[in-house]
>>> print(open('target.csv').read())   # CSV, C-alpha atoms
chain,number,residue,atom,x,y,z
A,1,MET,CA,-26.5,0.3,-72.4
A,2,ASP,CA,-23.1,1.1,-73.7
A,3,GLU,CA,-19.9,-0.9,-73.2
A,4,ALA,CA,-18.8,1.2,-70.3
A,5,ASN,CA,-21.9,0.2,-68.4
A,6,SER,CA,-22.7,-3.3,-69.6
A,7,GLY,CA,-19.4,-4.7,-70.8
A,8,LEU,CA,-21.1,-5.8,-74.0
A,9,ILE,CA,-20.5,-4.7,-77.6
A,10,GLU,CA,-22.7,-5.4,-80.6
A,11,GLY,CA,-21.2,-7.3,-83.6
A,12,THR,CA,-21.9,-7.0,-87.2
A,13,ASP,CA,-24.4,-9.9,-86.8
A,14,GLY,CA,-26.4,-7.8,-84.3
A,15,LYS,CA,-25.5,-10.0,-81.4
A,16,LYS,CA,-24.0,-8.6,-78.1
A,17,ARG,CA,-20.9,-10.2,-76.7
A,18,CYS,CA,-18.3,-9.6,-74.0
A,19,PHE,CA,-16.4,-6.4,-74.8
A,20,TRP,CA,-12.9,-7.7,-74.8
A,21,HIS,CA,-12.8,-9.2,-78.3
A,22,ALA,CA,-13.4,-5.7,-79.8
A,23,ASN,CA,-15.0,-7.3,-82.9
A,24,LEU,CA,-11.5,-8.2,-84.3
A,25,PRO,CA,-12.1,-11.3,-86.4
A,26,ASP,CA,-9.5,-13.6,-84.9
A,27,TYR,CA,-10.3,-12.5,-81.3
A,28,LEU,CA,-14.1,-12.8,-82.0
A,29,ALA,CA,-13.6,-16.4,-83.2
A,30,TYR,CA,-11.6,-17.2,-80.0
A,31,HIS,CA,-14.4,-15.6,-77.9
A,32,ASP,CA,-17.1,-17.6,-79.6
A,33,GLU,CA,-15.4,-20.9,-80.3
A,34,GLU,CA,-12.9,-21.5,-77.5
A,35,TRP,CA,-13.1,-19.2,-74.4
A,36,GLY,CA,-15.0,-20.8,-71.6
A,37,ARG,CA,-15.6,-24.1,-73.3
A,38,PRO,CA,-14.5,-27.0,-71.0
A,39,VAL,CA,-11.2,-28.7,-71.9
A,40,ALA,CA,-10.0,-32.1,-70.6
A,41,ASP,CA,-7.1,-32.6,-73.0
A,42,ASP,CA,-3.8,-32.5,-71.0
A,43,ARG,CA,-1.8,-31.0,-73.9
A,44,ARG,CA,-4.2,-28.2,-74.4
A,45,LEU,CA,-4.3,-27.5,-70.6
A,46,PHE,CA,-0.6,-27.4,-70.5
A,47,GLU,CA,-0.4,-25.2,-73.5
A,48,LYS,CA,-2.8,-22.7,-72.1
A,49,LEU,CA,-1.2,-22.4,-68.7
A,50,CYS,CA,2.2,-21.8,-70.4
A,51,LEU,CA,0.8,-19.3,-72.8
A,52,GLU,CA,-0.9,-17.4,-70.0
A,53,GLY,CA,2.6,-17.2,-68.4
A,54,PHE,CA,4.0,-15.8,-71.6
A,55,GLN,CA,1.2,-13.3,-71.7
A,56,SER,CA,2.2,-11.8,-68.4
A,57,GLY,CA,2.7,-8.1,-69.1
A,58,LEU,CA,1.2,-8.4,-72.6
A,59,SER,CA,-2.2,-8.7,-74.1
A,60,TRP,CA,-3.7,-12.1,-74.9
A,61,LEU,CA,-4.3,-11.0,-78.4
A,62,THR,CA,-0.5,-10.7,-78.9
A,63,ILE,CA,-0.1,-14.3,-77.7
A,64,LEU,CA,-3.1,-15.6,-79.7
A,65,ARG,CA,-1.7,-14.2,-82.9
A,66,LYS,CA,1.6,-16.0,-82.2
A,67,ARG,CA,0.0,-19.2,-80.9
A,68,GLU,CA,0.8,-21.3,-84.0
A,69,ASN,CA,4.4,-20.2,-83.8
A,70,PHE,CA,4.5,-21.2,-80.1
A,71,ARG,CA,3.0,-24.6,-80.9
A,72,GLU,CA,5.7,-25.2,-83.6
A,73,ALA,CA,8.5,-24.0,-81.3
A,74,PHE,CA,7.4,-26.1,-78.3
A,75,ALA,CA,6.6,-29.4,-80.0
A,76,GLY,CA,2.9,-28.9,-79.9
A,77,PHE,CA,3.1,-28.4,-76.2
A,78,ASP,CA,3.7,-32.2,-75.8
A,79,PHE,CA,5.1,-31.8,-72.3
A,80,GLU,CA,7.0,-35.1,-72.4
A,81,ARG,CA,8.9,-33.8,-75.3
A,82,VAL,CA,9.3,-30.3,-73.9
A,83,ALA,CA,10.7,-31.7,-70.7
A,84,ARG,CA,13.7,-33.1,-72.7
A,85,PHE,CA,14.6,-29.6,-74.0
A,86,THR,CA,18.1,-28.6,-73.3
A,87,GLU,CA,20.0,-25.3,-73.1
A,88,ASP,CA,20.6,-25.6,-76.9
A,89,ASP,CA,16.8,-25.5,-77.3
A,90,VAL,CA,16.6,-22.5,-75.1
A,91,GLU,CA,19.1,-20.7,-77.3
A,92,ARG,CA,17.1,-21.8,-80.4
A,93,LEU,CA,13.9,-20.4,-78.9
A,94,LEU,CA,15.6,-17.1,-78.0
A,95,ASP,CA,16.4,-16.7,-81.7
A,96,ASN,CA,12.8,-17.5,-82.7
A,97,LYS,CA,11.2,-14.1,-83.8
A,98,GLY,CA,7.8,-15.8,-84.0
A,99,ILE,CA,7.4,-16.1,-80.2
A,100,ILE,CA,8.0,-14.0,-77.1
A,101,ARG,CA,11.8,-14.3,-76.7
A,102,HIS,CA,11.9,-14.1,-72.9
A,103,GLY,CA,14.5,-16.4,-71.4
A,104,GLY,CA,12.8,-16.7,-68.0
A,105,LYS,CA,9.4,-17.7,-69.6
A,106,ILE,CA,11.1,-20.1,-72.0
A,107,ARG,CA,12.9,-21.9,-69.2
A,108,SER,CA,9.7,-21.8,-67.1
A,109,THR,CA,7.9,-23.7,-69.9
A,110,ILE,CA,10.6,-26.4,-69.9
A,111,ASN,CA,10.5,-26.6,-66.1
A,112,ASN,CA,6.7,-26.7,-66.0
A,113,ALA,CA,6.8,-29.6,-68.6
A,114,ARG,CA,8.8,-31.6,-66.1
A,115,ARG,CA,6.5,-30.6,-63.3
A,116,ALA,CA,3.5,-31.6,-65.5
A,117,ILE,CA,4.9,-35.1,-65.9
A,118,ALA,CA,5.3,-35.4,-62.1
A,119,LEU,CA,1.8,-34.1,-61.5
A,120,CYS,CA,0.3,-36.6,-64.0
A,121,GLU,CA,2.1,-39.4,-62.2
A,122,GLU,CA,0.6,-38.3,-58.9
A,123,GLU,CA,-2.9,-37.3,-60.1
A,124,GLY,CA,-3.4,-39.4,-63.2
A,125,SER,CA,-3.7,-36.5,-65.5
A,126,LEU,CA,-3.6,-32.7,-65.6
A,127,ALA,CA,-7.3,-32.7,-66.3
A,128,ARG,CA,-8.1,-34.7,-63.2
A,129,TYR,CA,-6.0,-32.3,-61.1
A,130,PHE,CA,-7.6,-29.1,-62.4
A,131,TRP,CA,-11.2,-30.3,-62.7
A,132,ARG,CA,-11.3,-31.6,-59.2
A,133,GLN,CA,-10.8,-28.0,-58.1
A,134,GLU,CA,-13.6,-26.6,-60.2
A,135,PRO,CA,-15.4,-23.9,-58.1
A,136,GLY,CA,-18.7,-24.8,-56.7
A,137,PRO,CA,-21.8,-22.6,-56.8
A,138,ALA,CA,-21.0,-21.1,-53.4
A,139,GLU,CA,-17.6,-19.9,-54.8
A,140,ARG,CA,-19.1,-18.1,-57.8
A,141,PRO,CA,-20.9,-14.8,-58.0
A,142,GLU,CA,-24.7,-15.0,-58.2
A,143,ARG,CA,-24.7,-12.8,-61.3
A,144,LEU,CA,-21.7,-12.2,-63.5
A,145,ASP,CA,-22.0,-8.6,-64.7
A,146,TYR,CA,-19.3,-6.3,-66.1
A,147,ARG,CA,-18.3,-4.8,-62.7
A,148,THR,CA,-18.0,-8.2,-61.1
A,149,LEU,CA,-15.8,-9.5,-63.9
A,150,ILE,CA,-13.4,-6.7,-63.9
A,151,ALA,CA,-13.2,-6.6,-60.1
A,152,ASN,CA,-12.1,-10.2,-59.9
A,153,SER,CA,-8.8,-10.9,-61.7
A,154,LYS,CA,-8.1,-13.7,-59.2
A,155,THR,CA,-10.2,-15.7,-56.8
A,156,ASP,CA,-9.7,-17.8,-53.7
A,157,VAL,CA,-9.7,-20.9,-55.9
A,158,SER,CA,-7.1,-19.6,-58.3
A,159,THR,CA,-5.0,-18.5,-55.4
A,160,ARG,CA,-5.2,-21.9,-53.8
A,161,ILE,CA,-4.3,-23.6,-57.1
A,162,SER,CA,-1.4,-21.2,-57.6
A,163,LYS,CA,0.0,-21.9,-54.2
A,164,ASP,CA,-0.2,-25.6,-54.7
A,165,LEU,CA,1.5,-25.5,-58.2
A,166,LYS,CA,4.3,-23.3,-56.8
A,167,LYS,CA,4.8,-25.8,-54.0
A,168,ARG,CA,5.2,-28.5,-56.7
A,169,GLY,CA,7.8,-26.4,-58.4
A,170,TRP,CA,5.8,-24.7,-61.2
A,171,SER,CA,6.7,-21.2,-62.2
A,172,PHE,CA,4.8,-18.2,-63.8
A,173,VAL,CA,1.6,-19.5,-62.3
A,174,GLY,CA,0.4,-16.7,-60.1
A,175,PRO,CA,-3.2,-16.5,-59.1
A,176,THR,CA,-4.2,-14.0,-61.8
A,177,THR,CA,-2.5,-16.2,-64.5
A,178,VAL,CA,-4.3,-19.3,-63.0
A,179,TYR,CA,-7.7,-17.5,-63.1
A,180,ALA,CA,-7.2,-16.5,-66.7
A,181,PHE,CA,-6.5,-20.2,-67.4
A,182,MET,CA,-9.6,-21.2,-65.5
A,183,GLN,CA,-11.7,-18.8,-67.5
A,184,ALA,CA,-10.4,-20.0,-70.9
A,185,MET,CA,-10.5,-23.7,-70.2
A,186,GLY,CA,-14.1,-23.6,-69.0
A,187,LEU,CA,-13.6,-24.3,-65.2
A,188,VAL,CA,-15.8,-21.2,-64.9
A,189,ASN,CA,-18.1,-19.5,-67.3
A,190,ASP,CA,-17.2,-15.8,-67.3
A,191,HIS,CA,-19.1,-14.7,-70.3
A,192,ILE,CA,-21.0,-11.7,-69.0
A,193,GLU,CA,-24.7,-11.8,-68.5
A,194,GLY,CA,-26.3,-10.8,-71.8
A,195,CYS,CA,-23.4,-12.1,-73.9
A,196,ALA,CA,-24.8,-14.2,-76.8
A,197,MET,CA,-22.4,-17.0,-76.0
A,198,ARG,CA,-23.0,-17.3,-72.2
A,199,GLU,CA,-26.0,-19.8,-72.4
A,200,GLU,CA,-24.4,-21.9,-75.1
A,201,VAL,CA,-21.2,-22.2,-73.1
A,202,GLU,CA,-23.2,-23.0,-69.9
A,203,GLN,CA,-25.0,-25.8,-71.8
A,204,THR,CA,-21.6,-27.1,-73.0
A,205,ARG,CA,-20.3,-27.1,-69.4
A,206,HIS,CA,-23.4,-28.9,-68.2
A,207,ALA,CA,-23.0,-31.7,-70.8
A,208,PHE,CA,-19.2,-31.9,-70.2
A,209,VAL,CA,-18.1,-35.2,-68.4
A,210,ARG,CA,-15.6,-34.2,-65.7
A,211,PRO,CA,-12.5,-36.3,-65.6
A,212,VAL,CA,-12.5,-38.8,-62.7
>>> encode(input="target.csv", output="structure tokens")
Amino acid sequence: MDEANSGLIEGTDGKKRCFWHANLPDYLAYHDEEWGRPVADDRRLFEKLCLEGFQSGLSWLTILRKRENFREAFAGFDFERVARFTEDDVERLLDNKGIIRHGGKIRSTINNARRAIALCEEEGSLARYFWRQEPGPAERPERLDYRTLIANSKTDVSTRISKDLKKRGWSFVGPTTVYAFMQAMGLVNDHIEGCAMREEVEQTRHAFVRPV
């Protein structure tokens, strides 16, 4: 089957994987080594949610290739440090050609850092908050093929999380952004059936100890 039908492409190693990495070396590494593998580190969770917000209207590859610049600009996404950023920091970041210089998204990241601190105080950690909302089997498709994947850019769970975060004062956390975050951080395994990484990621998720 070709990509249009299966959503899979063959790499130089002969393995078939999800189509979206397009066999670009850095994107392929992200697909194989990061995407869908469960994460419980609060800083990484915060980073990913913020970067998904920056991605809005752009491609993830654009953000991925600027990720180290973002990390340097935003204090490694240590949200306790980012929460103390001032308008002077906003101006500094607006002059930083290595990141996406969008004032609304920059201010959103600072706002969300403050909201992350409040969420941790209430829930214990970001990881506990997100992982307690991991979709159960009844909330997942029986078979994840290409058509199912592209037809579901958001879900009932991502919509619910988005609404709750917005009530808590977070911004740039729409249901599509939240679902992309869930896919990347391993709350779901959206490697397409037939992808060489699907079973490995599923085993990693099975062994993962959920935060309590």
>>> closest_residue(input="target.csv", among="A:Pro137, A:Gly76, A:Pro25, A:Gly169", to="Glu47 (chain A)", atoms="all atoms listed in the file")
A:Gly76
>>> atom_distance(input="target.csv", atom1="CA of Ser108 (chain A)", atom2="CA of Ser171 (chain A)")
5.8 Å
>>> residues_near_point(input="target.csv", point="(-21.5, -7.2, -73.8)", cutoff="9 Å", atoms="only C-alpha atoms", output="list in words")
Asp2, Glu3, Ser6, Gly7, Leu8, Ile9, Glu10, Lys16, Arg17, Cys18, Phe19, Trp20, Tyr146, His191, Ile192, Glu193, Gly194, Cys195 and Ala196 of chain A
>>> write_last_selection(input="target.csv", atoms="C-alpha atoms", output="PDB file, in the coordinates of the input")
ATOM      1  CA  ASP A   2     -23.100   1.100 -73.700  1.00  0.00           C
ATOM      2  CA  GLU A   3     -19.900  -0.900 -73.200  1.00  0.00           C
ATOM      3  CA  SER A   6     -22.700  -3.300 -69.600  1.00  0.00           C
ATOM      4  CA  GLY A   7     -19.400  -4.700 -70.800  1.00  0.00           C
ATOM      5  CA  LEU A   8     -21.100  -5.800 -74.000  1.00  0.00           C
ATOM      6  CA  ILE A   9     -20.500  -4.700 -77.600  1.00  0.00           C
ATOM      7  CA  GLU A  10     -22.700  -5.400 -80.600  1.00  0.00           C
ATOM      8  CA  LYS A  16     -24.000  -8.600 -78.100  1.00  0.00           C
ATOM      9  CA  ARG A  17     -20.900 -10.200 -76.700  1.00  0.00           C
ATOM     10  CA  CYS A  18     -18.300  -9.600 -74.000  1.00  0.00           C
ATOM     11  CA  PHE A  19     -16.400  -6.400 -74.800  1.00  0.00           C
ATOM     12  CA  TRP A  20     -12.900  -7.700 -74.800  1.00  0.00           C
ATOM     13  CA  TYR A 146     -19.300  -6.300 -66.100  1.00  0.00           C
ATOM     14  CA  HIS A 191     -19.100 -14.700 -70.300  1.00  0.00           C
ATOM     15  CA  ILE A 192     -21.000 -11.700 -69.000  1.00  0.00           C
ATOM     16  CA  GLU A 193     -24.700 -11.800 -68.500  1.00  0.00           C
ATOM     17  CA  GLY A 194     -26.300 -10.800 -71.800  1.00  0.00           C
ATOM     18  CA  CYS A 195     -23.400 -12.100 -73.900  1.00  0.00           C
ATOM     19  CA  ALA A 196     -24.800 -14.200 -76.800  1.00  0.00           C
TER      20      ALA A 196
END
>>> closest_residue(input="target.csv", among="A:Gly98, A:Asp190, A:Gly11, A:Ala75", to="Arg147 (chain A)", atoms="only C-alpha atoms")
A:Asp190
>>> atom_distance(input="target.csv", atom1="CA of Trp170 (chain A)", atom2="CA of Asp42 (chain A)")
15.8 Å
>>> closest_residue(input="target.csv", among="A:Leu144, A:Leu94, A:Ala73, A:Val157", to="Ala180 (chain A)", atoms="all atoms listed in the file")
A:Val157
>>> residues_around(input="target.csv", residues="Thr159 (chain A)", least_positions_apart="2", cutoff="12 Å", atoms="all atoms listed in the file", output="list in words")
Gln133, Asn152, Ser153, Lys154, Thr155, Asp156, Val157, Ile161, Ser162, Lys163, Asp164, Leu165, Lys166, Val173, Gly174, Pro175, Thr176, Thr177, Val178, Tyr179, Ala180 and Met182 of chain A
>>> atom_distance(input="target.csv", atom1="CA of Gln183 (chain A)", atom2="CA of Lys15 (chain A)")
21.5 Å
